[in-house]
Amino acid sequence: MAALEKIRKRAAILTIVIGAGLLAFILEEAVRASGAFTTDTLAAKVGDEKIEMQEFQNLSQARQQQNNDTKTDPAVMQQQILQEIIQEKLLSQECDDANIIVSGNEVSELMVKNPPQAIAQICQQNGIDPKSLLDLLKNPNADPNDQSLQQVRAIYETEAQKLANQLMQAKLGMLLMGCLQANDVDIQLTKEESAVYDVTYAKVDYATVDDKNIKISDSDIQEAYNKYKEVFRLNEEARRVHYIKVDVDPSAKDNTAAAAKINKIYNTLQATPGISGVRSNSDVVLDSVTTTKNDRQVFTADGKNESKDAIFNTLIEGGLNSCQKKDPTGRDRNTMMYKVTSTYQSIDSIGLDMVMVQGPKARQDSVLALLKGGMAIDSLAGNPNIQIQKANAQNLMRPYYLPDSLRTKINSNAGGEYFTWQATNEGAMFAKVAQSIPSTTFYNIARAKYVNYPSEETKTKLQEDLQKYLNKNKDIAAFEKNAKAAKYEVVEEVINPATTQLGAQRSQFGMMPGIPDSRKAVKWAFENKPGSISQIFADDNALVVIAVDEVYKDYMPVTDPTVKNQLTELIKSEKKGEYLMKQYKGKANNVAGYAALMKTNVDSASVSMGAPQQMLEGRVSGLIAGLGQKAQGKVQLVAGRNAFYAVQVNKINPARDLPKQQVAMQYRQQHFPIQQMLNAILQGSRKVKNNLIKFS
């Protein structure tokens, strides 16, 4: 019960719950606004399994604890959650078909032995171990009306479901891997591919070949399209659109007015005690942060760490009541003002030995007396009424996160005396500072944020100008042609029903965000015919007008500019390879000779089919490895994707002589990386219909 009482009082838990509640409001309002709660509507269909809109809402609310960023575009959040649900449905259906089961005991055991970060954080903040938390949540005598306990249980169940999905994925992946058996030919091929080839080479990049030497006809593009058509297959209808985006930024007049206000606020902050002079100013958003010279955790309103900013050093060096200001850069509208309002000395970091005692006060007092008398904490291990948790040097606690009452106890008992962390009639928690980083100065820093919003006059002018352009350019051809002269940029994009934002792009870091709140323009595009131009979609950050060019059904057509450009670049590379092959073939006897003709240097590398080097393209490495012993000592001319190569194999280092079973496993891992491909395999296993476009 002591642990429960602690969970009940922890502000960190409540912060998570408040964030989740805000997210619930965003999701609910976004969906409710569309009138999507009728029982005969579907959010999606996975195979034969339907996901009703009401079910989607319930499932999305159940996982709000892991998505508590209220700044996320609601449409993006909806689509992310639906994609997660679809993936889980695909996994569940596949595991049902394969009779794969993940038991509750398996999940519970892993949750205790290797708890997810969210659960580990709850345990750390409340001084209990994962096993104790699990026992607490499973307690049949727990108060069903205890909201704090229910909130923690919801987080625990969400993390447990994620872990169960990971176990199912692992089991399904192992099953699929077991279905792949390497024969003798596969094993021999794997051995050959694992050989390392020491080569010398010279290359000339295709970029050095003038495009004027390469002729590409429409028939070339059509032929390439027919060859690679399946690459452009669509799983669902798509539409090619053009749109104009106008950033709603403050005007020069707005900036001048804002600068005057900011100077007045900053001067007042410097001249008055604390934040008293700006506390009642409605133009300012106030909050505070506590930090040390070691941490330097000064955060802006959007959560970005400023620890490397010179502002911090100047602020701290100035001491009590010093002020600093950070002006916005780029399209940032936020001016941040900082002031050191107070300082104090406290222990920087601590590690605590914790003893949790279940039972009446007499038992609690007895245990505390033994601890104060010098009894080793390990001596209490094994007692069913006592749980111990020793300090961990790798996971120290920051006292300034704690309430003042606890921080005072820690400072008073820094020498190693046990003290009462928390106590109730049902149990108590005692603690001792077992490890600590010496006392340091803590700085309480007030932050005042001024946001330079565009005036109503500015917003009205931007919208009026854009409307005038639309009135003059009513057909789609004029809409696109005359934009540049009017200082508007027209952007082309192919969208599908799952597109949450115009302008979002996939990169090596994931999806790069696009235009916030532009889902309504995407929805409009799917409700209107080619040639249609929308009204102005306006919000606080941008104005958007979208035009529908074409509807794509089964395949992206060869006429699509993106498709045409990709095929053109592919054909261009192939023709440049052919051009250079004619230019160099048979004109030298060794790599040095070809390097002289290419006006480049001879280079060297070690390559293998199993691990292509960056110096040589994968297809070039593969060709060398495929030639095997025949490649040694001979110059090969190879047209790659990006360059033309003259390569000679000087030495072949055979693969290690591994057991047949190990080589077979290596073959499966190289050619069929099931675990990495599992999501894609599941996506192709059943027909999936994402219907969320109707409810944007």
# chains A, B, ... in the order shown; residues from 1 in each chain; ligands from 1
call {"tool": "residues_around", "arguments": {"residues": "His242 in chain A", "least_positions_apart": "2", "cutoff": "9 Å", "atoms": "only C-alpha atoms", "output": "list in words"}}
result
Arg240, Ile244, Ile476, Glu480, Val490, Val491, Glu492, Glu493, Val494, Val545, Ile546, Ala547, Val548 and Asp549 of chain A
call {"tool": "select_by_dssp", "arguments": {"residues": "range 122-158 of chain A", "states": "helix (DSSP H, G or I)", "output": "PyMOL selection string"}}
result
chain A and resi 122-126+130-138+147-158
call {"tool": "closest_atom_pairs", "arguments": {"of": "range 75-154 of chain A", "to": "range 49-60 of chain A", "cutoff": "9 Å", "atoms": "only C-alpha atoms", "output": "CSV"}}
result
residue,atom,partner,partner_atom,distance
A:Gln78,CA,A:Ser60,CA,7.9
A:Ile81,CA,A:Ser60,CA,6.3
A:Leu82,CA,A:Phe56,CA,7.2
A:Ile85,CA,A:Leu59,CA,8.0
A:Ile86,CA,A:Ile51,CA,8.7
A:Lys89,CA,A:Glu49,CA,8.3
call {"tool": "atom_distance", "arguments": {"atom1": "CA of Phe430 in chain A", "atom2": "CA of Pro130 in chain A"}}
result
18.2 Å
call {"tool": "select_by_dssp", "arguments": {"residues": "range 213-258 of chain A", "states": "strand (DSSP E or B)", "output": "list in words"}}
result
Arg233, Ala238, Arg239, Arg240, Val241, His242, Tyr243, Ile244, Lys245, Val246 and Asp247 of chain A
call {"tool": "write_last_selection", "arguments": {"atoms": "all heavy atoms", "output": "compact mmCIF listing (two decimals), in the first residue's frame"}}
result
# COMPACT_ATOMS: atom_id res chain seq x y z
N ARG A 233 3.20 -0.09 -59.49
CA ARG A 233 1.86 -0.58 -59.12
C ARG A 233 1.35 0.17 -57.89
O ARG A 233 2.10 0.45 -56.96
CB ARG A 233 1.87 -2.08 -58.84
CG ARG A 233 0.51 -2.60 -58.38
CD ARG A 233 0.57 -4.07 -58.04
NE ARG A 233 0.65 -4.90 -59.25
CZ ARG A 233 -0.43 -5.25 -59.96
NH1 ARG A 233 -1.64 -4.84 -59.61
NH2 ARG A 233 -0.28 -6.01 -61.03
N ALA A 238 -4.63 6.76 -56.33
CA ALA A 238 -3.81 7.93 -56.03
C ALA A 238 -4.22 9.08 -56.94
O ALA A 238 -4.90 8.87 -57.96
CB ALA A 238 -2.33 7.61 -56.21
N ARG A 239 -3.83 10.28 -56.58
CA ARG A 239 -4.17 11.44 -57.39
C ARG A 239 -2.96 12.37 -57.50
O ARG A 239 -2.26 12.61 -56.51
CB ARG A 239 -5.34 12.21 -56.79
CG ARG A 239 -6.60 11.34 -56.73
CD ARG A 239 -7.87 12.11 -56.56
NE ARG A 239 -9.02 11.24 -56.80
CZ ARG A 239 -10.22 11.67 -57.14
NH1 ARG A 239 -10.45 12.96 -57.28
NH2 ARG A 239 -11.21 10.82 -57.35
N ARG A 240 -2.73 12.86 -58.72
CA ARG A 240 -1.67 13.86 -58.92
C ARG A 240 -2.31 15.23 -58.76
O ARG A 240 -3.31 15.55 -59.41
CB ARG A 240 -1.04 13.71 -60.29
CG ARG A 240 0.15 14.67 -60.50
CD ARG A 240 1.01 14.24 -61.68
NE ARG A 240 0.31 14.36 -62.94
CZ ARG A 240 0.33 15.43 -63.72
NH1 ARG A 240 1.01 16.50 -63.35
NH2 ARG A 240 -0.32 15.45 -64.86
N VAL A 241 -1.71 16.04 -57.89
CA VAL A 241 -2.26 17.36 -57.59
C VAL A 241 -1.16 18.41 -57.70
O VAL A 241 0.03 18.11 -57.66
CB VAL A 241 -2.88 17.42 -56.17
CG1 VAL A 241 -4.01 16.41 -56.03
CG2 VAL A 241 -1.81 17.18 -55.10
N HIS A 242 -1.59 19.65 -57.86
CA HIS A 242 -0.72 20.81 -57.73
C HIS A 242 -1.33 21.69 -56.64
O HIS A 242 -2.56 21.80 -56.54
CB HIS A 242 -0.62 21.60 -59.04
CG HIS A 242 0.31 20.99 -60.03
ND1 HIS A 242 -0.01 19.87 -60.76
CD2 HIS A 242 1.58 21.35 -60.41
CE1 HIS A 242 1.00 19.57 -61.56
NE2 HIS A 242 1.96 20.44 -61.37
N TYR A 243 -0.47 22.30 -55.84
CA TYR A 243 -1.03 23.19 -54.81
C TYR A 243 -0.11 24.39 -54.59
O TYR A 243 1.09 24.37 -54.89
CB TYR A 243 -1.26 22.45 -53.49
CG TYR A 243 -0.02 21.87 -52.85
CD1 TYR A 243 0.77 22.63 -51.98
CD2 TYR A 243 0.36 20.55 -53.08
CE1 TYR A 243 1.89 22.10 -51.38
CE2 TYR A 243 1.49 20.01 -52.48
CZ TYR A 243 2.24 20.79 -51.63
OH TYR A 243 3.37 20.27 -51.04
N ILE A 244 -0.73 25.45 -54.10
CA ILE A 244 -0.01 26.66 -53.71
C ILE A 244 -0.11 26.78 -52.20
O ILE A 244 -1.20 26.67 -51.62
CB ILE A 244 -0.61 27.91 -54.38
CG1 ILE A 244 -0.32 27.90 -55.88
CG2 ILE A 244 -0.05 29.19 -53.75
CD1 ILE A 244 -1.01 29.04 -56.63
N LYS A 245 1.03 27.01 -51.55
CA LYS A 245 1.05 27.24 -50.11
C LYS A 245 1.59 28.65 -49.86
O LYS A 245 2.64 29.02 -50.39
CB LYS A 245 1.94 26.22 -49.41
CG LYS A 245 2.15 26.51 -47.93
CD LYS A 245 3.38 25.80 -47.40
CE LYS A 245 3.70 26.24 -45.99
NZ LYS A 245 4.99 25.75 -45.52
N VAL A 246 0.87 29.42 -49.05
CA VAL A 246 1.31 30.76 -48.67
C VAL A 246 1.53 30.77 -47.16
O VAL A 246 0.59 30.53 -46.39
CB VAL A 246 0.26 31.83 -49.06
CG1 VAL A 246 0.73 33.21 -48.59
CG2 VAL A 246 0.01 31.82 -50.56
N ASP A 247 2.77 31.01 -46.75
CA ASP A 247 3.06 31.08 -45.31
C ASP A 247 2.43 32.32 -44.71
O ASP A 247 2.58 33.42 -45.25
CB ASP A 247 4.57 31.10 -45.07
CG ASP A 247 5.24 29.79 -45.46
OD1 ASP A 247 4.62 28.73 -45.24
OD2 ASP A 247 6.37 29.82 -45.98
